[in-house]
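Undergrad: Below you'll find entry.tsv; it's TSV, C-alpha atoms and all ligand atoms.
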chain	number	residue	atom	x	y	z
A	161	MET	CA	69.46	102.34	92.74
A	162	LEU	CA	72.66	104.03	91.57
A	163	GLN	CA	70.47	106.90	90.44
A	164	SER	CA	68.47	107.14	93.68
A	165	GLU	CA	67.93	110.64	95.07
A	166	GLY	CA	65.87	112.33	97.80
A	167	GLU	CA	63.61	110.01	99.78
A	168	ASP	CA	64.72	106.93	97.79
A	169	LEU	CA	68.34	107.59	98.64
A	170	LYS	CA	67.50	108.07	102.30
A	171	ASN	CA	65.68	104.75	102.31
A	172	LEU	CA	68.58	103.03	100.53
A	173	PHE	CA	71.04	104.27	103.16
A	174	MET	CA	68.73	103.37	106.05
A	175	HIS	CA	68.29	99.88	104.67
A	176	SER	CA	72.03	99.30	104.05
A	177	ALA	CA	72.80	100.51	107.58
A	178	SER	CA	70.29	98.09	109.06
A	179	VAL	CA	71.69	95.20	106.98
A	180	ARG	CA	75.17	95.88	108.35
A	181	GLU	CA	73.81	95.96	111.87
A	182	GLU	CA	71.91	92.70	111.42
A	183	TYR	CA	74.61	90.68	109.61
A	184	CYS	CA	77.90	92.21	110.82
A	185	GLY	CA	76.93	93.86	114.10
A	186	ASN	CA	77.77	97.34	115.26
A	187	LYS	CA	81.53	97.02	115.34
A	188	VAL	CA	84.11	98.67	113.14
A	189	TYR	CA	87.39	96.78	112.86
A	190	LEU	CA	90.74	98.48	112.50
A	191	ARG	CA	93.72	97.55	110.35
A	192	GLY	CA	96.95	99.49	110.80
A	193	LEU	CA	98.04	100.34	107.25
A	194	ILE	CA	101.76	100.00	106.54
A	195	GLU	CA	102.74	101.42	103.16
A	196	LEU	CA	105.85	99.33	102.71
A	197	SER	CA	107.24	100.85	99.52
A	198	ASN	CA	106.17	103.12	96.67
A	199	ILE	CA	108.48	101.39	94.20
A	200	CYS	CA	106.40	99.70	91.50
A	201	VAL	CA	107.15	97.94	88.23
A	202	LYS	CA	103.80	98.90	86.80
A	203	ASN	CA	102.58	101.95	84.98
A	204	CYS	CA	98.82	102.14	85.62
A	205	LEU	CA	97.63	105.28	83.87
A	206	TYR	CA	95.76	106.67	86.91
A	207	CYS	CA	98.35	106.09	89.62
A	208	GLY	CA	100.61	108.70	91.18
A	209	ILE	CA	103.36	106.22	92.02
A	210	ARG	CA	103.45	104.58	88.57
A	211	ARG	CA	106.89	103.57	87.36
A	212	ASP	CA	107.31	106.46	84.91
A	213	ASN	CA	106.45	109.23	87.36
A	214	LYS	CA	109.91	110.63	87.95
A	215	LYS	CA	108.63	113.35	90.29
A	216	VAL	CA	108.02	110.91	93.14
A	217	ALA	CA	110.73	110.39	95.72
A	218	ARG	CA	110.89	106.61	95.99
A	219	TYR	CA	111.19	104.94	99.38
A	220	ASP	CA	111.32	101.50	100.84
A	221	LEU	CA	110.74	101.18	104.59
A	222	SER	CA	113.43	99.34	106.45
A	223	ASP	CA	112.39	96.06	108.05
A	224	GLN	CA	112.87	97.74	111.40
A	225	GLU	CA	110.42	100.53	110.46
A	226	VAL	CA	107.84	97.93	109.38
A	227	LEU	CA	108.18	96.05	112.66
A	228	GLN	CA	107.96	99.28	114.65
A	229	ALA	CA	104.74	100.14	112.80
A	230	ALA	CA	103.41	96.65	113.59
A	231	GLN	CA	104.39	97.11	117.24
A	232	PHE	CA	102.57	100.46	117.29
A	233	THR	CA	99.49	98.75	115.79
A	234	LEU	CA	99.64	96.08	118.48
A	235	GLU	CA	100.01	98.62	121.28
A	236	SER	CA	97.14	100.66	119.86
A	237	ASN	CA	94.97	97.52	120.09
A	238	TYR	CA	94.04	97.73	116.40
A	239	GLY	CA	94.00	93.93	115.99
A	240	SER	CA	95.32	93.70	112.41
A	241	VAL	CA	97.84	95.15	109.99
A	242	VAL	CA	97.74	95.62	106.24
A	243	ILE	CA	101.01	95.57	104.33
A	244	GLN	CA	100.52	97.46	101.10
A	245	SER	CA	103.15	98.04	98.47
A	246	GLY	CA	103.84	98.91	94.88
A	247	GLU	CA	104.12	95.76	92.80
A	248	LEU	CA	107.46	93.96	92.71
A	249	GLN	CA	108.12	90.44	91.52
A	250	SER	CA	111.48	89.14	92.68
A	251	ASN	CA	112.83	86.41	94.89
A	252	GLU	CA	114.17	89.06	97.21
A	253	ASN	CA	110.76	90.72	97.56
A	254	THR	CA	109.02	87.36	98.10
A	255	ARG	CA	111.48	86.34	100.76
A	256	ARG	CA	111.34	89.72	102.46
A	257	ILE	CA	107.56	89.84	102.79
A	258	GLU	CA	107.48	86.23	103.89
A	259	GLN	CA	109.98	87.05	106.61
A	260	LEU	CA	108.14	90.23	107.67
A	261	VAL	CA	104.89	88.29	108.01
A	262	ARG	CA	106.63	85.72	110.23
A	263	GLU	CA	108.24	88.42	112.36
A	264	ILE	CA	104.97	90.30	112.84
A	265	ILE	CA	103.32	87.10	114.01
A	266	GLN	CA	106.21	86.49	116.36
A	267	LEU	CA	106.32	89.99	117.84
A	268	SER	CA	102.56	90.01	118.40
A	269	GLU	CA	102.45	86.37	119.57
A	270	GLY	CA	99.90	85.74	116.86
A	271	LYS	CA	97.61	88.53	118.05
A	272	LEU	CA	97.78	90.65	114.87
A	273	GLY	CA	95.81	89.53	111.83
A	274	ILE	CA	97.69	90.18	108.58
A	275	THR	CA	96.31	91.40	105.26
A	276	LEU	CA	98.56	91.77	102.22
A	277	SER	CA	98.05	94.04	99.25
A	278	CYS	CA	101.17	93.51	97.16
A	279	GLY	CA	99.75	93.02	93.70
A	280	GLU	CA	99.92	90.23	91.16
A	281	GLN	CA	102.19	87.33	92.02
A	282	THR	CA	102.57	83.67	91.11
A	283	GLU	CA	100.68	80.90	92.89
A	284	ASP	CA	103.88	79.84	94.59
A	285	VAL	CA	104.42	83.33	96.04
A	286	TYR	CA	100.83	83.59	97.24
A	287	LYS	CA	101.24	80.19	98.91
A	288	ARG	CA	104.48	81.12	100.64
A	289	TRP	CA	102.99	84.28	102.12
A	290	PHE	CA	99.86	82.40	103.18
A	291	GLN	CA	101.90	79.66	104.82
A	292	ALA	CA	103.93	82.33	106.60
A	293	GLY	CA	100.69	83.50	108.22
A	294	ALA	CA	99.02	86.19	106.06
A	295	HIS	CA	95.35	85.34	105.77
A	296	ARG	CA	93.68	88.14	103.81
A	297	TYR	CA	94.65	89.58	100.44
A	298	LEU	CA	93.36	92.66	98.68
A	299	LEU	CA	93.77	92.87	94.91
A	300	ARG	CA	91.56	95.50	93.37
A	301	ILE	CA	90.25	94.86	89.88
A	302	GLU	CA	89.76	98.67	89.64
A	303	ALA	CA	87.35	98.22	86.69
A	304	SER	CA	85.69	94.90	85.96
A	305	ASN	CA	84.83	95.79	82.38
A	306	ARG	CA	87.66	94.58	80.15
A	307	ALA	CA	87.47	97.51	77.70
A	308	LEU	CA	87.47	100.06	80.52
A	309	TYR	CA	90.32	98.25	82.28
A	310	GLN	CA	92.34	98.47	79.11
A	311	LYS	CA	91.76	102.22	78.92
A	312	LEU	CA	93.22	102.59	82.41
A	313	HIS	CA	96.33	100.53	81.79
A	314	PRO	CA	99.10	100.34	79.22
A	315	ASN	CA	98.47	97.78	76.55
A	316	ASP	CA	101.18	95.23	77.41
A	317	ASP	CA	101.68	91.88	79.15
A	318	LEU	CA	102.43	93.52	82.46
A	319	HIS	CA	98.93	94.98	82.62
A	320	SER	CA	96.75	92.09	81.49
A	321	PHE	CA	93.10	91.94	82.54
A	322	GLU	CA	93.21	88.14	82.27
A	323	LYS	CA	96.22	87.96	84.56
A	324	ARG	CA	94.38	89.99	87.16
A	325	LEU	CA	91.40	87.63	87.02
A	326	GLU	CA	93.73	84.67	87.24
A	327	CYS	CA	95.40	86.14	90.34
A	328	LEU	CA	92.03	86.62	92.04
A	329	ALA	CA	91.30	82.94	91.37
A	330	LEU	CA	94.71	81.88	92.71
A	331	LEU	CA	94.22	83.88	95.89
A	332	ARG	CA	90.90	82.19	96.50
A	333	LYS	CA	92.41	78.78	95.76
A	334	THR	CA	95.28	79.43	98.17
A	335	GLY	CA	92.85	80.04	100.99
A	336	TYR	CA	92.99	83.78	101.62
A	337	GLN	CA	90.01	85.88	102.52
A	338	LEU	CA	89.68	87.54	99.17
A	339	GLY	CA	89.24	91.27	98.70
A	340	THR	CA	88.81	93.37	95.61
A	341	GLY	CA	87.33	96.71	94.65
A	342	VAL	CA	86.93	99.36	92.00
A	343	MET	CA	87.34	103.08	91.40
A	344	ILE	CA	84.21	105.15	91.04
A	345	GLY	CA	83.87	108.17	88.76
A	346	LEU	CA	86.58	107.22	86.28
A	347	PRO	CA	86.84	108.79	82.85
A	348	PHE	CA	84.89	106.68	80.29
A	349	GLN	CA	82.97	104.95	83.10
A	350	THR	CA	79.20	104.62	82.79
A	351	THR	CA	76.49	103.74	85.30
A	352	GLU	CA	76.24	100.39	83.53
A	353	HIS	CA	79.94	99.73	84.20
A	354	LEU	CA	79.36	100.38	87.90
A	355	ALA	CA	76.33	98.10	88.01
A	356	ASP	CA	78.48	95.43	86.34
A	357	ASP	CA	81.21	96.03	88.93
A	358	LEU	CA	78.71	95.17	91.66
A	359	LEU	CA	77.65	92.03	89.81
A	360	PHE	CA	81.30	91.12	89.27
A	361	MET	CA	82.04	91.29	93.00
A	362	HIS	CA	78.94	89.25	93.72
A	363	LYS	CA	79.92	86.61	91.16
A	364	GLN	CA	83.45	86.44	92.53
A	365	ASP	CA	81.85	85.89	95.93
A	366	ILE	CA	84.43	88.17	97.54
A	367	ASP	CA	84.96	88.35	101.28
A	368	MET	CA	86.12	91.96	101.47
A	369	CYS	CA	85.78	95.10	99.42
A	370	GLY	CA	87.78	98.32	99.29
A	371	MET	CA	86.40	100.78	96.76
A	372	GLY	CA	86.65	104.52	96.55
A	373	PRO	CA	86.17	107.55	94.36
A	374	TYR	CA	88.65	108.08	91.55
A	375	ILE	CA	90.71	111.19	92.32
A	376	GLU	CA	92.84	112.43	89.48
A	377	HIS	CA	96.57	112.86	89.94
A	378	ASN	CA	98.43	115.62	88.15
A	379	ASP	CA	101.38	113.53	87.11
A	380	THR	CA	99.52	110.72	85.37
A	381	PRO	CA	98.40	110.20	81.77
A	382	LEU	CA	94.73	109.95	82.78
A	383	PHE	CA	94.86	113.52	84.06
A	384	GLU	CA	94.27	114.80	80.53
A	385	PHE	CA	90.66	113.57	80.78
A	386	ARG	CA	89.91	115.53	83.96
A	387	LYS	CA	87.45	117.82	82.18
A	388	THR	CA	85.25	114.82	81.39
A	389	LEU	CA	84.91	113.86	85.06
A	390	MET	CA	81.90	114.43	87.26
A	391	PRO	CA	82.53	116.83	90.19
A	392	LEU	CA	84.26	115.32	93.22
A	393	ASN	CA	81.18	115.60	95.42
A	394	GLU	CA	79.21	113.53	92.89
A	395	ARG	CA	81.92	110.90	92.78
A	396	PHE	CA	81.72	110.85	96.56
A	397	ARG	CA	77.93	110.38	96.59
A	398	LEU	CA	78.15	107.69	93.96
A	399	THR	CA	80.72	105.83	96.07
A	400	LEU	CA	78.38	105.90	99.07
A	401	LYS	CA	75.62	104.49	96.88
A	402	MET	CA	77.93	101.72	95.63
A	403	ILE	CA	78.82	100.82	99.23
A	404	ALA	CA	75.17	100.79	100.29
A	405	ILE	CA	74.07	98.61	97.36
A	406	LEU	CA	76.98	96.21	97.81
A	407	ARG	CA	76.15	95.89	101.51
A	408	ILE	CA	72.59	94.90	100.60
A	409	MET	CA	73.80	92.48	97.90
A	410	MET	CA	76.57	90.91	99.99
A	411	LYS	CA	75.33	91.25	103.53
A	412	ASP	CA	78.11	89.60	105.49
A	413	ILE	CA	81.30	90.81	103.74
A	414	ASN	CA	83.76	93.32	105.13
A	415	ILE	CA	83.59	96.71	103.42
A	416	ALA	CA	86.30	99.31	104.00
A	417	ALA	CA	85.66	103.01	104.46
A	418	THR	CA	88.57	104.04	102.25
A	419	THR	CA	90.90	106.99	102.70
A	420	ALA	CA	89.97	108.38	99.27
A	421	LEU	CA	86.54	109.22	100.74
A	422	GLN	CA	88.23	111.32	103.39
A	423	ALA	CA	90.23	113.12	100.70
A	424	ILE	CA	86.97	114.57	99.37
A	425	ASP	CA	85.02	115.00	102.60
A	426	SER	CA	86.79	115.31	105.95
A	427	ILE	CA	84.20	112.99	107.53
A	428	GLY	CA	83.80	110.88	104.41
A	429	ARG	CA	84.87	107.62	106.01
A	430	GLU	CA	82.45	108.17	108.89
A	431	LYS	CA	79.64	108.68	106.39
A	432	ALA	CA	80.56	105.38	104.75
A	433	ILE	CA	80.49	103.62	108.12
A	434	ARG	CA	77.03	105.00	108.82
A	435	ILE	CA	75.63	103.44	105.67
A	436	GLY	CA	77.27	100.02	105.74
A	437	ALA	CA	81.09	99.98	105.81
A	438	ASN	CA	82.70	98.22	108.78
A	439	ILE	CA	86.47	98.44	108.28
A	440	LEU	CA	88.80	101.38	108.84
A	441	MET	CA	92.50	101.39	108.04
A	442	PRO	CA	94.37	103.99	110.09
A	443	ASN	CA	97.72	104.77	108.51
A	444	VAL	CA	100.62	103.63	110.69
A	445	THR	CA	103.33	104.26	108.09
A	446	PRO	CA	106.09	106.45	109.57
A	447	GLY	CA	104.91	110.03	108.88
A	448	LYS	CA	108.00	111.08	106.94
A	449	HIS	CA	107.20	108.65	104.11
A	450	ARG	CA	103.47	109.17	103.79
A	451	ASP	CA	103.70	112.12	101.47
A	452	ASN	CA	105.39	109.84	98.94
A	453	TYR	CA	102.65	107.21	98.81
A	454	LYS	CA	100.17	109.31	96.89
A	455	LEU	CA	98.18	107.26	94.44
A	456	TYR	CA	95.96	110.33	94.06
A	457	GLU	CA	95.99	114.03	95.03
A	458	ASN	CA	94.87	115.51	98.40
A	459	LYS	CA	95.51	112.29	100.28
A	460	PRO	CA	94.68	113.13	103.91
A	461	CYS	CA	96.88	112.76	107.01
A	462	THR	CA	100.11	112.53	105.01
A	463	ASP	CA	101.76	115.02	107.34
A	464	GLU	CA	100.70	113.33	110.57
A	465	SER	CA	102.41	110.71	112.64
A	466	ALA	CA	100.69	107.42	113.43
A	467	GLU	CA	100.07	108.59	116.99
A	468	ASP	CA	98.07	111.58	115.73
A	469	CYS	CA	95.80	109.22	113.86
A	470	ALA	CA	95.30	106.92	116.87
A	471	GLY	CA	94.10	109.93	118.85
A	472	CYS	CA	91.34	110.87	116.46
A	473	ILE	CA	90.07	107.44	115.43
A	474	GLU	CA	88.03	106.74	118.53
A	475	GLY	CA	86.19	110.06	118.46
A	476	ARG	CA	85.50	109.68	114.75
A	477	ILE	CA	83.99	106.21	115.10
A	478	LYS	CA	81.87	107.27	118.07
A	479	LEU	CA	80.36	109.94	115.83
A	480	THR	CA	78.92	107.19	113.63
A	481	GLY	CA	77.20	105.38	116.50
A	482	ALA	CA	79.39	102.31	115.96
A	483	GLU	CA	81.95	100.90	118.36
A	484	ILE	CA	85.52	99.78	117.74
A	485	GLY	CA	86.38	96.09	117.78
A	486	TYR	CA	89.68	96.59	119.63
A	487	ASN	CA	92.10	93.66	119.57
A	488	GLU	CA	89.85	91.69	117.24
A	489	TRP	CA	90.77	90.43	113.79
A	490	GLY	CA	87.30	91.20	112.51
A	491	ASP	CA	87.47	88.54	109.83
A	492	SER	CA	84.92	88.54	107.05
A	493	LYS	CA	81.75	86.84	108.26
A	494	ARG	CA	81.09	85.68	104.71
A	495	PHE	CA	84.39	83.81	104.72
A	496	LEU	CA	83.62	82.23	108.08
A	497	ASN	CA	80.07	81.37	107.04
A	498	ARG	CA	81.30	79.75	103.82
A	499	LYS	CA	83.61	77.49	105.78
A	500	LYS	CA	80.85	76.21	108.06
B	601	LIG	S1	98.02	101.13	90.93
B	601	LIG	FE1	99.36	99.70	92.04
B	601	LIG	S2	100.28	98.44	90.44
B	601	LIG	FE2	99.46	100.24	89.40
B	601	LIG	S3	101.19	101.67	89.31
B	601	LIG	FE3	100.05	102.13	91.19
B	601	LIG	S4	101.03	100.99	92.82
B	601	LIG	FE4	101.71	100.13	90.84
Would you encode the structure as structure tokens?
TA:
Amino acid sequence: MLQSEGEDLKNLFMHSASVREEYCGNKVYLRGLIELSNICVKNCLYCGIRRDNKKVARYDLSDQEVLQAAQFTLESNYGSVVIQSGELQSNENTRRIEQLVREIIQLSEGKLGITLSCGEQTEDVYKRWFQAGAHRYLLRIEASNRALYQKLHPNDDLHSFEKRLECLALLRKTGYQLGTGVMIGLPFQTTEHLADDLLFMHKQDIDMCGMGPYIEHNDTPLFEFRKTLMPLNERFRLTLKMIAILRIMMKDINIAATTALQAIDSIGREKAIRIGANILMPNVTPGKHRDNYKLYENKPCTDESAEDCAGCIEGRIKLTGAEIGYNEWGDSKRFLNRKK
């Protein structure tokens, strides 16, 4: 199905859209995305904010800025926030995120759902954040094939494939709704790798998925392989196919229409929603910092304020024929069904 074209592709997309409608309904749920900090201890070879990229101006939002962004999310009726950050492992970082989670719950009187995406941590850290009130966690495997993973990361203990798998298992054990995802159109990646990625997510029995096209970043080691890449529009199409197939394979999970799709096609996220995605993450990071959280080039909306985004979300979703689940957490139905 990854090679579907013409009528077959149309049928694939029609089918994935109808599966979403039947198993998840017609609603798209919003998560206000707070990019807490672009400081990271890691050096992933594809990432624009990797430790060794000295061209990036590093920032760390103040706690007050985070809480203001959460307040904005609440007032915009988005229903949930995502706190995303470069990876840091320290007592100070653990304590800080724990505290921020508690304060967001307090300021919203428990109305905001909280997703974390703060990388690999110990079981104890995952537990503390969960007990503070975070209930979803996104940790992308990026490439589920060990050999490919190793080509995308430095060969050291800090970037271990096994550690990443272990963290996914710990997150599940802790009780989070578990999310992962991959990049599509990477150098050295084959169609077989992508098919295995889909099987990996199925085997992990994930609750949520965020996957997007790989977009090369100038200031990263992987950039030297840019001539081997398929054109951006093909990476985009392949991502839509991956979303559609995953929707059919895992009917009741949450699938995000990621920002990287919008970086290639201005209505890329809407196209993903049409064919099976049901989550959108409007950026609520204070506008002045957004330009510095570029994991890839051409990231959209980096020069806008959160209010600009709120204004265009509704119209964009309407275009897809879906409706917005305002003030709803929009938890993964798969997670809820598993608990029954
Ligand atoms: S992909 Fe994540 S962990 Fe890797 S360098 Fe970038 S921010 Fe850090």
Undergrad: Taking only C-alpha atoms and all ligand atoms into account, which residues have an atom no farther than 7 Å from ligand LIG 601 (chain B)? I'd like them as an MDAnalysis selection string.
TA: chainID A and resid 198 200:204 207:211 245:247 279 455
Undergrad: Selection from above, C-alpha atoms, as a tab-separated table (two decimals), in the coordinates of the input, can you write it?
TA:
chain	number	residue	atom	x	y	z
A	198	ASN	CA	106.17	103.12	96.67
A	200	CYS	CA	106.40	99.70	91.50
A	201	VAL	CA	107.15	97.94	88.23
A	202	LYS	CA	103.80	98.90	86.80
A	203	ASN	CA	102.58	101.95	84.98
A	204	CYS	CA	98.82	102.14	85.62
A	207	CYS	CA	98.35	106.09	89.62
A	208	GLY	CA	100.61	108.70	91.18
A	209	ILE	CA	103.36	106.22	92.02
A	210	ARG	CA	103.45	104.58	88.57
A	211	ARG	CA	106.89	103.57	87.36
A	245	SER	CA	103.15	98.04	98.47
A	246	GLY	CA	103.84	98.91	94.88
A	247	GLU	CA	104.12	95.76	92.80
A	279	GLY	CA	99.75	93.02	93.70
A	455	LEU	CA	98.18	107.26	94.44
Undergrad: So which residues are close to (89.1, 94.6, 107.4), meaning at most 10 Å away in the file's coordinates with only C-alpha atoms counted, and can you show them as a ChimeraX atom specification?
TA: /A:188-192,239-242,273-275,296,298,339,367-370,413-417,437-441,489-492
Undergrad: Could you tell me which of A:Asp365, A:Glu195, A:Glu263, A:Glu235 comes closest to Ser277 in chain A if we count all atoms listed in the file?
TA: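 Of A:Asp365, A:Glu195, A:Glu263, A:Glu235, the one nearest Ser277 in chain A is A:Glu195, counting all atoms listed in the file.
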Undergrad: With a distance cut-off of 7 Å and all atoms listed in the file, select the neighbouring residues of range 176-180 of chain A, excluding the residue or stretch itself and same-chain residues fewer than 4 positions from it, and output the selection as an mmCIF file with C-alpha atoms, in the coordinates of the input.
TA:
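See selection23.cif below for the written result:
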data_model
loop_
_atom_site.group_PDB
_atom_site.id
_atom_site.type_symbol
_atom_site.label_atom_id
_atom_site.label_comp_id
_atom_site.auth_asym_id
_atom_site.auth_seq_id
_atom_site.Cartn_x
_atom_site.Cartn_y
_atom_site.Cartn_z
ATOM 1 C CA LEU A 172 68.580 103.030 100.530
ATOM 2 C CA CYS A 184 77.900 92.210 110.820
ATOM 3 C CA GLY A 185 76.930 93.860 114.100
ATOM 4 C CA ALA A 404 75.170 100.790 100.290
ATOM 5 C CA ARG A 407 76.150 95.890 101.510
ATOM 6 C CA ILE A 408 72.590 94.900 100.600
ATOM 7 C CA LYS A 411 75.330 91.250 103.530
ATOM 8 C CA ARG A 434 77.030 105.000 108.820
ATOM 9 C CA ILE A 435 75.630 103.440 105.670
ATOM 10 C CA GLY A 436 77.270 100.020 105.740
#
Undergrad: Show which residues sit within 8 Å of His353 in chain A, as a list in words. Count all atoms listed in the file, and ignore same-chain residues fewer than 6 positions away.
TA: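 My reading of the contact set: Ala303, Ser304 and Asn305 of chain A.
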Undergrad: Measuring atom to atom with all atoms listed in the file, identify which of A:Trp289, A:Tyr238, A:Phe385, A:Phe348 is nearest to Leu260 in chain A.
TA: A:Trp289
Undergrad: Name the residues within 12 Å of (76.3, 115.6, 114.1), counting only C-alpha atoms in the file's coordinates, and put them as a VMD selection string.
TA: chain A and resid 427 430 to 431 434 476 478 to 481
Undergrad: Residues at most 12 Å from Lys387 in chain A, counting only C-alpha atoms, excluding those fewer than 3 positions away in the same chain, as JSON, numbers by chain?
TA: {"A": [346, 347, 348, 376, 382, 383, 384, 390, 391, 392]}
Undergrad: Identify which of the residues A:Lys170, A:Lys323, A:Lys311, A:Arg262 lies closest to Thr282 in chain A, counting all atoms listed in the file when measuring atom-to-atom distances.
TA: A:Lys323
Undergrad: Identify which of the residues A:Arg397, A:Lys214, A:Lys500, A:Lys363 lies closest to Gln163 in chain A, counting only C-alpha atoms when measuring atom-to-atom distances.
TA: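 Closest to Gln163 in chain A, using only C-alpha atoms: A:Arg397.
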